[in-house]
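Shown here: upload_2.pdb, PDB, C-alpha atoms, pLDDT in the B column.
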ATOM      1  CA  MET S  41     -32.251  -7.126   6.475  1.00 64.00           C
ATOM      2  CA  ILE S  42     -32.193 -10.453   4.620  1.00 64.00           C
ATOM      3  CA  ASN S  43     -34.813 -11.861   7.002  1.00 70.00           C
ATOM      4  CA  LYS S  44     -37.087  -8.924   6.199  1.00 68.00           C
ATOM      5  CA  LEU S  45     -36.698  -9.631   2.485  1.00 66.00           C
ATOM      6  CA  LYS S  46     -37.563 -13.289   3.004  1.00 73.00           C
ATOM      7  CA  ASN S  47     -40.796 -12.334   4.756  1.00 80.00           C
ATOM      8  CA  MET S  48     -41.977  -9.969   2.018  1.00 81.00           C
ATOM      9  CA  THR S  49     -44.811 -10.969  -0.269  1.00 82.00           C
ATOM     10  CA  VAL S  50     -44.562 -10.928  -4.041  1.00 78.00           C
ATOM     11  CA  LYS S  51     -46.931  -7.960  -4.116  1.00 81.00           C
ATOM     12  CA  GLU S  52     -44.710  -5.995  -1.721  1.00 86.00           C
ATOM     13  CA  ILE S  53     -41.564  -6.757  -3.713  1.00 85.00           C
ATOM     14  CA  SER S  54     -43.275  -5.807  -6.976  1.00 85.00           C
ATOM     15  CA  SER S  55     -44.547  -2.568  -5.486  1.00 89.00           C
ATOM     16  CA  ILE S  56     -41.143  -1.578  -4.140  1.00 91.00           C
ATOM     17  CA  LEU S  57     -39.283  -2.448  -7.336  1.00 91.00           C
ATOM     18  CA  THR S  58     -41.704  -0.693  -9.643  1.00 93.00           C
ATOM     19  CA  THR S  59     -41.844   2.412  -7.448  1.00 94.00           C
ATOM     20  CA  VAL S  60     -38.072   2.698  -7.096  1.00 96.00           C
ATOM     21  CA  LEU S  61     -37.349   2.044 -10.764  1.00 96.00           C
ATOM     22  CA  THR S  62     -40.025   4.478 -11.929  1.00 96.00           C
ATOM     23  CA  ALA S  63     -38.668   7.139  -9.578  1.00 97.00           C
ATOM     24  CA  LEU S  64     -35.121   6.554 -10.851  1.00 97.00           C
ATOM     25  CA  GLY S  65     -36.315   6.900 -14.441  1.00 96.00           C
ATOM     26  CA  ALA S  66     -38.093  10.178 -13.673  1.00 96.00           C
ATOM     27  CA  PHE S  67     -35.057  11.417 -11.750  1.00 97.00           C
ATOM     28  CA  TYR S  68     -32.707  10.668 -14.636  1.00 97.00           C
ATOM     29  CA  LEU S  69     -35.072  12.303 -17.123  1.00 97.00           C
ATOM     30  CA  ALA S  70     -35.196  15.481 -15.044  1.00 97.00           C
ATOM     31  CA  LEU S  71     -31.420  15.580 -14.625  1.00 97.00           C
ATOM     32  CA  ALA S  72     -30.876  14.819 -18.303  1.00 97.00           C
ATOM     33  CA  GLN S  73     -33.043  17.739 -19.345  1.00 96.00           C
ATOM     34  CA  VAL S  74     -31.350  20.157 -16.956  1.00 97.00           C
ATOM     35  CA  TRP S  75     -27.754  19.005 -17.455  1.00 97.00           C
ATOM     36  CA  GLY S  76     -27.910  17.702 -21.002  1.00 97.00           C
ATOM     37  CA  LEU S  77     -27.149  14.093 -20.062  1.00 97.00           C
ATOM     38  CA  PRO S  78     -27.245  11.625 -22.958  1.00 97.00           C
ATOM     39  CA  PHE S  79     -29.887   9.042 -23.877  1.00 97.00           C
ATOM     40  CA  SER S  80     -32.675  10.335 -21.643  1.00 96.00           C
ATOM     41  CA  THR S  81     -35.426   8.926 -23.857  1.00 95.00           C
ATOM     42  CA  GLU S  82     -33.680   5.565 -24.141  1.00 97.00           C
ATOM     43  CA  VAL S  83     -33.064   5.301 -20.399  1.00 96.00           C
ATOM     44  CA  VAL S  84     -36.663   6.132 -19.501  1.00 97.00           C
ATOM     45  CA  ALA S  85     -38.016   3.730 -22.138  1.00 97.00           C
ATOM     46  CA  THR S  86     -35.741   0.971 -20.829  1.00 97.00           C
ATOM     47  CA  VAL S  87     -36.816   1.581 -17.234  1.00 97.00           C
ATOM     48  CA  GLY S  88     -40.443   1.442 -18.347  1.00 96.00           C
ATOM     49  CA  ALA S  89     -39.838  -1.856 -20.124  1.00 97.00           C
ATOM     50  CA  VAL S  90     -38.078  -3.331 -17.081  1.00 96.00           C
ATOM     51  CA  VAL S  91     -40.898  -2.207 -14.768  1.00 94.00           C
ATOM     52  CA  THR S  92     -43.475  -3.744 -17.100  1.00 93.00           C
ATOM     53  CA  PHE S  93     -41.499  -6.991 -17.267  1.00 93.00           C
ATOM     54  CA  ILE S  94     -41.123  -7.207 -13.475  1.00 89.00           C
ATOM     55  CA  SER S  95     -44.829  -6.516 -13.000  1.00 87.00           C
ATOM     56  CA  ALA S  96     -45.780  -9.172 -15.535  1.00 88.00           C
ATOM     57  CA  ILE S  97     -43.491 -11.834 -14.070  1.00 87.00           C
ATOM     58  CA  LEU S  98     -44.434 -11.178 -10.450  1.00 81.00           C
ATOM     59  CA  GLY S  99     -48.085 -10.769 -11.396  1.00 77.00           C
ATOM     60  CA  GLY S 100     -47.960 -14.157 -13.094  1.00 73.00           C
ATOM     61  CA  THR S 101     -46.544 -15.642  -9.923  1.00 69.00           C
ATOM     62  CA  THR S 102     -49.450 -14.198  -7.972  1.00 66.00           C
ATOM     63  CA  VAL S 103     -51.963 -15.602 -10.461  1.00 65.00           C
ATOM     64  CA  ALA S 104     -50.320 -19.019 -10.187  1.00 65.00           C
ATOM     65  CA  LYS S 105     -50.643 -18.909  -6.396  1.00 66.00           C
ATOM     66  CA  VAL S 106     -54.320 -17.998  -6.634  1.00 66.00           C
ATOM     67  CA  VAL S 107     -55.005 -20.780  -9.126  1.00 66.00           C
ATOM     68  CA  ASN S 108     -53.179 -23.330  -6.949  1.00 72.00           C
ATOM     69  CA  ARG S 109     -55.072 -22.137  -3.894  1.00 69.00           C
ATOM     70  CA  GLU S 110     -58.408 -22.840  -5.590  1.00 62.00           C
ATOM     71  CA  ASP S 111     -57.487 -26.483  -6.327  1.00 57.00           C
TER      72      ASP S 111
END
As structure tokens, the full file:
Amino acid sequence: MINKLKNMTVKEISSILTTVLTALGAFYLALAQVWGLPFSTEVVATVGAVVTFISAILGGTTVAKVVNRED
């Protein structure tokens, strides 16, 4: 499993992380509405912020690779 992770590209890691985190946020929101779980808005907003942060950081890494490739 670790070897598979080492061979993944930044784009693949970003895609997996953002998909899983977004799905978890939607899942918690649905459960919170049905079962009255606390802080549903806060949890979903936090997940959205984390997904945005991950995308920005990994996207910046991709841009850096492209810029270095052009040199």
Selected by the PyMOL selection byres ((chain S and resi 88) around 12) in the shown coordinates: which residues, as a PDB file with C-alpha atoms, keeping the file's coordinate frame?
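As a result, out_29.pdb now contains:
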ATOM      1  CA  LEU S  57     -39.283  -2.448  -7.336  1.00 91.00           C
ATOM      2  CA  THR S  58     -41.704  -0.693  -9.643  1.00 93.00           C
ATOM      3  CA  THR S  59     -41.844   2.412  -7.448  1.00 94.00           C
ATOM      4  CA  VAL S  60     -38.072   2.698  -7.096  1.00 96.00           C
ATOM      5  CA  LEU S  61     -37.349   2.044 -10.764  1.00 96.00           C
ATOM      6  CA  THR S  62     -40.025   4.478 -11.929  1.00 96.00           C
ATOM      7  CA  ALA S  63     -38.668   7.139  -9.578  1.00 97.00           C
ATOM      8  CA  LEU S  64     -35.121   6.554 -10.851  1.00 97.00           C
ATOM      9  CA  GLY S  65     -36.315   6.900 -14.441  1.00 96.00           C
ATOM     10  CA  ALA S  66     -38.093  10.178 -13.673  1.00 96.00           C
ATOM     11  CA  THR S  81     -35.426   8.926 -23.857  1.00 95.00           C
ATOM     12  CA  GLU S  82     -33.680   5.565 -24.141  1.00 97.00           C
ATOM     13  CA  VAL S  83     -33.064   5.301 -20.399  1.00 96.00           C
ATOM     14  CA  VAL S  84     -36.663   6.132 -19.501  1.00 97.00           C
ATOM     15  CA  ALA S  85     -38.016   3.730 -22.138  1.00 97.00           C
ATOM     16  CA  THR S  86     -35.741   0.971 -20.829  1.00 97.00           C
ATOM     17  CA  VAL S  87     -36.816   1.581 -17.234  1.00 97.00           C
ATOM     18  CA  ALA S  89     -39.838  -1.856 -20.124  1.00 97.00           C
ATOM     19  CA  VAL S  90     -38.078  -3.331 -17.081  1.00 96.00           C
ATOM     20  CA  VAL S  91     -40.898  -2.207 -14.768  1.00 94.00           C
ATOM     21  CA  THR S  92     -43.475  -3.744 -17.100  1.00 93.00           C
ATOM     22  CA  PHE S  93     -41.499  -6.991 -17.267  1.00 93.00           C
ATOM     23  CA  ILE S  94     -41.123  -7.207 -13.475  1.00 89.00           C
ATOM     24  CA  SER S  95     -44.829  -6.516 -13.000  1.00 87.00           C
TER      25      SER S  95
END
So the first atom is atom CA of S:Thr49 and the second is atom CA of S:Gly100; what is the distance between them in Å, to one decimal place?
13.6 Å
Between atom CA of S:Ser55 and atom CA of S:Ile97 - distance in Å to one decimal:
12.7 Å
Rounded to one decimal, what separation in Å do you get between atom CA of S:Ala96 and atom CA of S:Glu52?
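One can read the atom CA of S:Ala96 to atom CA of S:Glu52 distance as 14.2 Å.
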Quick test: take stretch 47-66 of chain S, keep N, CA, C and O atoms, and write it as a short mmCIF file (atom, residue, chain, number, x, y, z; two decimals), in the first residue's frame.
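What ended up in decode-v1.cif:
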data_model
loop_
_atom_site.label_atom_id
_atom_site.label_comp_id
_atom_site.auth_asym_id
_atom_site.auth_seq_id
_atom_site.Cartn_x
_atom_site.Cartn_y
_atom_site.Cartn_z
N ASN S 47 3.90 6.14 -5.57
CA ASN S 47 3.83 6.26 -7.02
C ASN S 47 2.70 7.17 -7.50
O ASN S 47 2.57 7.39 -8.69
N MET S 48 1.91 7.70 -6.59
CA MET S 48 0.80 8.56 -6.97
C MET S 48 1.30 9.97 -7.29
O MET S 48 2.23 10.47 -6.68
N THR S 49 0.63 10.59 -8.25
CA THR S 49 0.97 11.97 -8.60
C THR S 49 0.26 12.93 -7.64
O THR S 49 -0.68 12.55 -6.94
N VAL S 50 0.71 14.16 -7.64
CA VAL S 50 0.09 15.18 -6.80
C VAL S 50 -1.37 15.35 -7.20
O VAL S 50 -2.24 15.51 -6.34
N LYS S 51 -1.65 15.31 -8.47
CA LYS S 51 -3.03 15.46 -8.95
C LYS S 51 -3.92 14.33 -8.43
O LYS S 51 -5.06 14.56 -8.04
N GLU S 52 -3.40 13.11 -8.43
CA GLU S 52 -4.17 11.97 -7.94
C GLU S 52 -4.44 12.09 -6.44
O GLU S 52 -5.55 11.84 -5.98
N ILE S 53 -3.41 12.48 -5.69
CA ILE S 53 -3.58 12.64 -4.24
C ILE S 53 -4.59 13.74 -3.95
O ILE S 53 -5.49 13.57 -3.11
N SER S 54 -4.49 14.86 -4.64
CA SER S 54 -5.42 15.97 -4.45
C SER S 54 -6.84 15.54 -4.76
O SER S 54 -7.77 15.86 -4.03
N SER S 55 -7.01 14.82 -5.85
CA SER S 55 -8.34 14.37 -6.25
C SER S 55 -8.95 13.44 -5.21
O SER S 55 -10.12 13.59 -4.85
N ILE S 56 -8.16 12.51 -4.72
CA ILE S 56 -8.66 11.56 -3.72
C ILE S 56 -9.02 12.29 -2.43
O ILE S 56 -10.10 12.09 -1.87
N LEU S 57 -8.11 13.13 -1.95
CA LEU S 57 -8.37 13.84 -0.70
C LEU S 57 -9.59 14.73 -0.78
O LEU S 57 -10.43 14.73 0.12
N THR S 58 -9.69 15.50 -1.85
CA THR S 58 -10.83 16.42 -1.95
C THR S 58 -12.15 15.66 -2.11
O THR S 58 -13.16 16.06 -1.55
N THR S 59 -12.12 14.56 -2.85
CA THR S 59 -13.35 13.77 -3.02
C THR S 59 -13.79 13.14 -1.70
O THR S 59 -14.96 13.23 -1.32
N VAL S 60 -12.85 12.53 -1.00
CA VAL S 60 -13.18 11.86 0.27
C VAL S 60 -13.65 12.87 1.32
O VAL S 60 -14.66 12.66 1.99
N LEU S 61 -12.93 13.97 1.45
CA LEU S 61 -13.32 14.96 2.45
C LEU S 61 -14.66 15.60 2.13
O LEU S 61 -15.48 15.82 3.03
N THR S 62 -14.91 15.90 0.87
CA THR S 62 -16.20 16.47 0.48
C THR S 62 -17.33 15.48 0.76
O THR S 62 -18.39 15.87 1.27
N ALA S 63 -17.10 14.22 0.45
CA ALA S 63 -18.11 13.19 0.72
C ALA S 63 -18.37 13.05 2.22
O ALA S 63 -19.52 12.91 2.65
N LEU S 64 -17.31 13.11 3.03
CA LEU S 64 -17.49 13.02 4.48
C LEU S 64 -18.28 14.22 5.01
O LEU S 64 -19.13 14.06 5.89
N GLY S 65 -18.01 15.40 4.47
CA GLY S 65 -18.76 16.58 4.88
C GLY S 65 -20.24 16.46 4.54
O GLY S 65 -21.11 16.76 5.36
N ALA S 66 -20.54 16.00 3.34
CA ALA S 66 -21.93 15.81 2.92
C ALA S 66 -22.61 14.73 3.76
O ALA S 66 -23.78 14.87 4.15
#
